[in-house]
Amino acid sequence: MPDPLLWIDRLRLELPGRSGTPPAPLLRDVSLRLAGGEVLGLVGESGSGKSLTALALMGLLDAGARLRAERLDFDGQDLLRMPERRRAALRGRAMAMVFQDPMSSLNPAFSIGWQLDEALRLQRGGTRRERRAQAEDLLRQVGIADPRQRLRAWPHHLSGGMCQRVMIAMALAGRPRLLIADEPTTALDVTIQAQIVDLLLELQGRTGMGLLFISHDLALVGQCAATVVVLYAGEVVESGPTGQVLQRPRHPYTAALLAALPERCDGARRLRALPGMVPAAGIDLPGCRFAARCPRAREVCAHVPPLLGGDPGQPARCHFPLHGSAPDAAGAAAVPVVTGAPTGAARR
């Protein structure tokens with residue numbers, strides 16, 4: 001089989017310690033694959049490492065961060081060994097990112113037209129008149145009516161949903177092969193959320209680009225992604241075909257996320273909240289990082305780190321997974337992350 005568009009294998013991210021203390025681990029062996037024309041969902045609570053994974057891929061980490069991986073490839077190119085100047089040329093062109101808060105992503109000191117023109121000038125070049133026509137066309141593509149008038153507007157003149165559409169238009173300026181949508185609906189109301197998700201899927205289907213959709217909402221990911229990867233405290237705890245993971249989760253954390261969805265509470269007075277919090281970034285626990293919050297935890301969970309294993313089609317990082325036998329904690333081999341199915345399968 002040909003190499004996927006995006007291939008991340010055992011990605012690790014650390015921040016240097018202070019005063020001789022060991023480095024603080026933020027991401028631990030994160031692996032995923034995404035083929036061109038597919039949608040992959042990356043799910044987890046705040047602090048699970050979703051945005052850090054995206055920033056590491058884009059090369060937008062703070063100075064001092066130590067990044068290692070067995071493989072960090074985009075379109076067959078090794079991003080880790082690529083000169084920074086060449087990698088910077090990929091950003092905005094071959095790979096682009098839409099951030100979660102559109103109101104803070106746009107510069108309030110410049111008009112929409114100026115900011116779109118800057119993106120087009122950097123990614124496509126051309127004359128100012130050509131870029132103006134391209135800017136109007138991009139706004140039409142993202143469903144903004146009267147684009148000529150909107151180009152003269154300032155960010156504070158637009159709603160949050162309109163600003164997010166502008167951000168998507170800017171991301172499309174370079175005609176990317178990979179689009180990373182980092183919680184693009186977080187700051188929007190439910191109706192606008194659905195419109196933005198539909199827009200991203202329509203653009204992805206029309207252009208054939210790969211889409212990495214990052215969210216804390218498993219139900220939302222279930223509507224758009226063929227494959228899902230669940231992160232917890234910087235580790236992949238489960239992955240597999242989205243429908244399969246949603247119907248029969250194997251990791252207790254995935255099951256807890258699903259149980260907290262309002263539509264799964266069946267008239268209960270209170271949502272089934274998951275007690276406790278994600279461990280603070282940089283704390284290296286000896287056993288399973290979910291053990292303190294897990295209703296299935298036993299003594300071994302506090303001392304022996306579980307491996308990502310079990311069902312090859314739906315691996316889980318758990319000593320006592322749901323719907324299956326427990327993997328051998330001492331000697332089980334790690335199972336590679338599953339490559340996603342075509343987007344149409346998820347939408348059917």
# chains A, B, ... in the order shown; residues from 1 in each chain; ligands from 1

call {"tool": "residues_around", "arguments": {"residues": "segment 118-133 of chain A", "least_positions_apart": "6", "cutoff": "8 Å", "atoms": "only C-alpha atoms", "output": "mmCIF file with N, CA, C and O atoms, in the first residue's frame"}}
result
data_model
loop_
_atom_site.group_PDB
_atom_site.id
_atom_site.type_symbol
_atom_site.label_atom_id
_atom_site.label_comp_id
_atom_site.auth_asym_id
_atom_site.auth_seq_id
_atom_site.Cartn_x
_atom_site.Cartn_y
_atom_site.Cartn_z
ATOM 1 N N GLY A 92 0.860 26.566 5.475
ATOM 2 C CA GLY A 92 -0.033 27.461 4.756
ATOM 3 C C GLY A 92 -0.247 27.052 3.315
ATOM 4 O O GLY A 92 -1.240 27.442 2.704
ATOM 5 N N ARG A 93 0.656 26.274 2.763
ATOM 6 C CA ARG A 93 0.508 25.795 1.386
ATOM 7 C C ARG A 93 0.063 24.338 1.393
ATOM 8 O O ARG A 93 -1.116 24.042 1.228
ATOM 9 N N MET A 170 -8.838 31.618 4.656
ATOM 10 C CA MET A 170 -7.403 31.897 4.699
ATOM 11 C C MET A 170 -6.599 30.609 4.656
ATOM 12 O O MET A 170 -5.543 30.540 4.014
ATOM 13 N N ALA A 173 -6.209 29.306 1.196
ATOM 14 C CA ALA A 173 -5.497 30.165 0.250
ATOM 15 C C ALA A 173 -4.335 29.443 -0.426
ATOM 16 O O ALA A 173 -4.028 29.687 -1.597
ATOM 17 N N GLY A 174 -3.683 28.542 0.306
ATOM 18 C CA GLY A 174 -2.541 27.835 -0.269
ATOM 19 C C GLY A 174 -2.890 26.528 -0.942
ATOM 20 O O GLY A 174 -1.993 25.790 -1.342
#

call {"tool": "select_by_dssp", "arguments": {"residues": "segment 69-262 of chain A", "states": "alpha helix (DSSP H)", "output": "JSON list (two decimals) with C-alpha atoms, in the first residue's frame"}}
result
[["chain", "number", "residue", "atom", "x", "y", "z"],
["A", 84, "GLU", "CA", 13.35, 24.88, 8.83],
["A", 85, "ARG", "CA", 13.19, 27.11, 5.77],
["A", 86, "ARG", "CA", 11.80, 24.28, 3.67],
["A", 87, "ARG", "CA", 9.36, 23.26, 6.41],
["A", 88, "ALA", "CA", 8.13, 26.84, 6.75],
["A", 89, "ALA", "CA", 7.37, 26.80, 3.02],
["A", 90, "LEU", "CA", 4.97, 23.88, 3.59],
["A", 102, "PRO", "CA", -11.70, 32.79, 15.38],
["A", 103, "MET", "CA", -12.23, 36.08, 17.24],
["A", 104, "SER", "CA", -8.68, 35.98, 18.61],
["A", 105, "SER", "CA", -7.11, 34.41, 15.50],
["A", 112, "ILE", "CA", -10.75, 41.12, 6.41],
["A", 113, "GLY", "CA", -9.59, 42.01, 2.91],
["A", 114, "TRP", "CA", -6.10, 43.01, 4.06],
["A", 115, "GLN", "CA", -5.65, 39.75, 6.00],
["A", 116, "LEU", "CA", -6.89, 37.58, 3.14],
["A", 117, "ASP", "CA", -4.68, 39.48, 0.72],
["A", 118, "GLU", "CA", -1.65, 38.83, 2.92],
["A", 119, "ALA", "CA", -2.38, 35.09, 2.95],
["A", 120, "LEU", "CA", -2.80, 35.02, -0.84],
["A", 121, "ARG", "CA", 0.33, 37.12, -1.42],
["A", 122, "LEU", "CA", 2.43, 34.71, 0.65],
["A", 123, "GLN", "CA", 0.91, 31.52, -0.78],
["A", 128, "ARG", "CA", -3.20, 42.88, -6.26],
["A", 129, "ARG", "CA", -6.18, 42.75, -8.65],
["A", 130, "GLU", "CA", -5.77, 38.99, -9.10],
["A", 131, "ARG", "CA", -5.56, 38.48, -5.34],
["A", 132, "ARG", "CA", -8.68, 40.60, -4.83],
["A", 133, "ALA", "CA", -10.63, 38.36, -7.20],
["A", 134, "GLN", "CA", -9.22, 35.26, -5.50],
["A", 135, "ALA", "CA", -10.19, 36.62, -2.07],
["A", 136, "GLU", "CA", -13.77, 37.16, -3.21],
["A", 137, "ASP", "CA", -13.86, 33.63, -4.63],
["A", 138, "LEU", "CA", -12.54, 32.13, -1.37],
["A", 139, "LEU", "CA", -15.26, 33.91, 0.63],
["A", 140, "ARG", "CA", -17.86, 32.54, -1.76],
["A", 141, "GLN", "CA", -16.44, 29.03, -1.31],
["A", 147, "PRO", "CA", -17.90, 38.94, -0.46],
["A", 148, "ARG", "CA", -16.87, 42.30, -1.90],
["A", 149, "GLN", "CA", -18.59, 44.07, 0.99],
["A", 150, "ARG", "CA", -17.18, 41.65, 3.56],
["A", 151, "LEU", "CA", -13.62, 42.30, 2.40],
["A", 160, "GLY", "CA", -18.01, 34.28, 15.45],
["A", 161, "GLY", "CA", -19.31, 31.94, 12.75],
["A", 162, "MET", "CA", -18.46, 34.44, 10.00],
["A", 163, "CYS", "CA", -14.96, 34.93, 11.43],
["A", 164, "GLN", "CA", -14.43, 31.18, 11.45],
["A", 165, "ARG", "CA", -15.47, 31.01, 7.80],
["A", 166, "VAL", "CA", -12.90, 33.73, 7.06],
["A", 167, "MET", "CA", -10.24, 31.68, 8.88],
["A", 168, "ILE", "CA", -11.15, 28.63, 6.79],
["A", 169, "ALA", "CA", -10.89, 30.76, 3.63],
["A", 170, "MET", "CA", -7.40, 31.90, 4.70],
["A", 171, "ALA", "CA", -6.39, 28.28, 5.32],
["A", 172, "LEU", "CA", -7.56, 27.37, 1.82],
["A", 190, "VAL", "CA", -24.84, 24.70, 18.28],
["A", 191, "THR", "CA", -26.51, 25.81, 15.03],
["A", 192, "ILE", "CA", -23.34, 27.50, 13.76],
["A", 193, "GLN", "CA", -21.27, 24.50, 14.85],
["A", 194, "ALA", "CA", -23.24, 22.25, 12.51],
["A", 195, "GLN", "CA", -22.81, 24.71, 9.64],
["A", 196, "ILE", "CA", -19.03, 24.88, 10.13],
["A", 197, "VAL", "CA", -18.71, 21.08, 10.29],
["A", 198, "ASP", "CA", -20.82, 20.69, 7.14],
["A", 199, "LEU", "CA", -18.69, 23.34, 5.42],
["A", 200, "LEU", "CA", -15.41, 21.60, 6.33],
["A", 201, "LEU", "CA", -16.72, 18.25, 5.08],
["A", 202, "GLU", "CA", -18.05, 19.77, 1.87],
["A", 203, "LEU", "CA", -14.70, 21.47, 1.18],
["A", 204, "GLN", "CA", -12.79, 18.31, 2.08],
["A", 205, "GLY", "CA", -14.91, 16.22, -0.26],
["A", 206, "ARG", "CA", -14.63, 18.73, -3.09],
["A", 207, "THR", "CA", -10.85, 19.26, -2.86],
["A", 218, "LEU", "CA", -16.98, 12.33, 20.51],
["A", 219, "ALA", "CA", -20.50, 12.77, 19.16],
["A", 220, "LEU", "CA", -19.35, 15.53, 16.84],
["A", 221, "VAL", "CA", -16.41, 13.46, 15.61],
["A", 222, "GLY", "CA", -18.81, 10.59, 15.03],
["A", 223, "GLN", "CA", -20.63, 12.73, 12.46],
["A", 224, "CYS", "CA", -17.61, 13.50, 10.32],
["A", 242, "THR", "CA", -15.31, 5.59, 14.47],
["A", 243, "GLY", "CA", -18.56, 3.62, 14.38],
["A", 244, "GLN", "CA", -16.90, 0.65, 16.05],
["A", 245, "VAL", "CA", -15.32, 2.78, 18.79],
["A", 246, "LEU", "CA", -18.58, 4.60, 19.51],
["A", 247, "GLN", "CA", -20.64, 1.41, 19.66],
["A", 252, "PRO", "CA", -12.75, 2.88, 30.09],
["A", 253, "TYR", "CA", -11.88, 6.49, 29.28],
["A", 254, "THR", "CA", -13.60, 6.30, 25.89],
["A", 255, "ALA", "CA", -16.62, 4.71, 27.56],
["A", 256, "ALA", "CA", -16.69, 7.52, 30.16],
["A", 257, "LEU", "CA", -16.62, 10.19, 27.44],
["A", 258, "LEU", "CA", -19.54, 8.49, 25.70],
["A", 259, "ALA", "CA", -21.50, 8.09, 28.94]]

call {"tool": "closest_residue", "arguments": {"among": "A:Arg289, A:Asp75, A:His251, A:Ala273", "to": "Phe320 of chain A", "atoms": "only C-alpha atoms"}}
result
A:His251

call {"tool": "select_by_dssp", "arguments": {"residues": "segment 125-288 of chain A", "states": "strand (DSSP E or B)", "output": "PyMOL selection string"}}
result
chain A and resi 178-182+210-215+227-232+235-241

call {"tool": "atom_distance", "arguments": {"atom1": "atom CA of Pro22 of chain A", "atom2": "atom CA of Gly47 of chain A"}}
result
20.6 Å

call {"tool": "residues_around", "arguments": {"residues": "Arg91 of chain A", "least_positions_apart": "5", "cutoff": "9 Å", "atoms": "only C-alpha atoms", "output": "NGL selection string"}}
result
:A and (58-59 or 96-97 or 174 or 176)
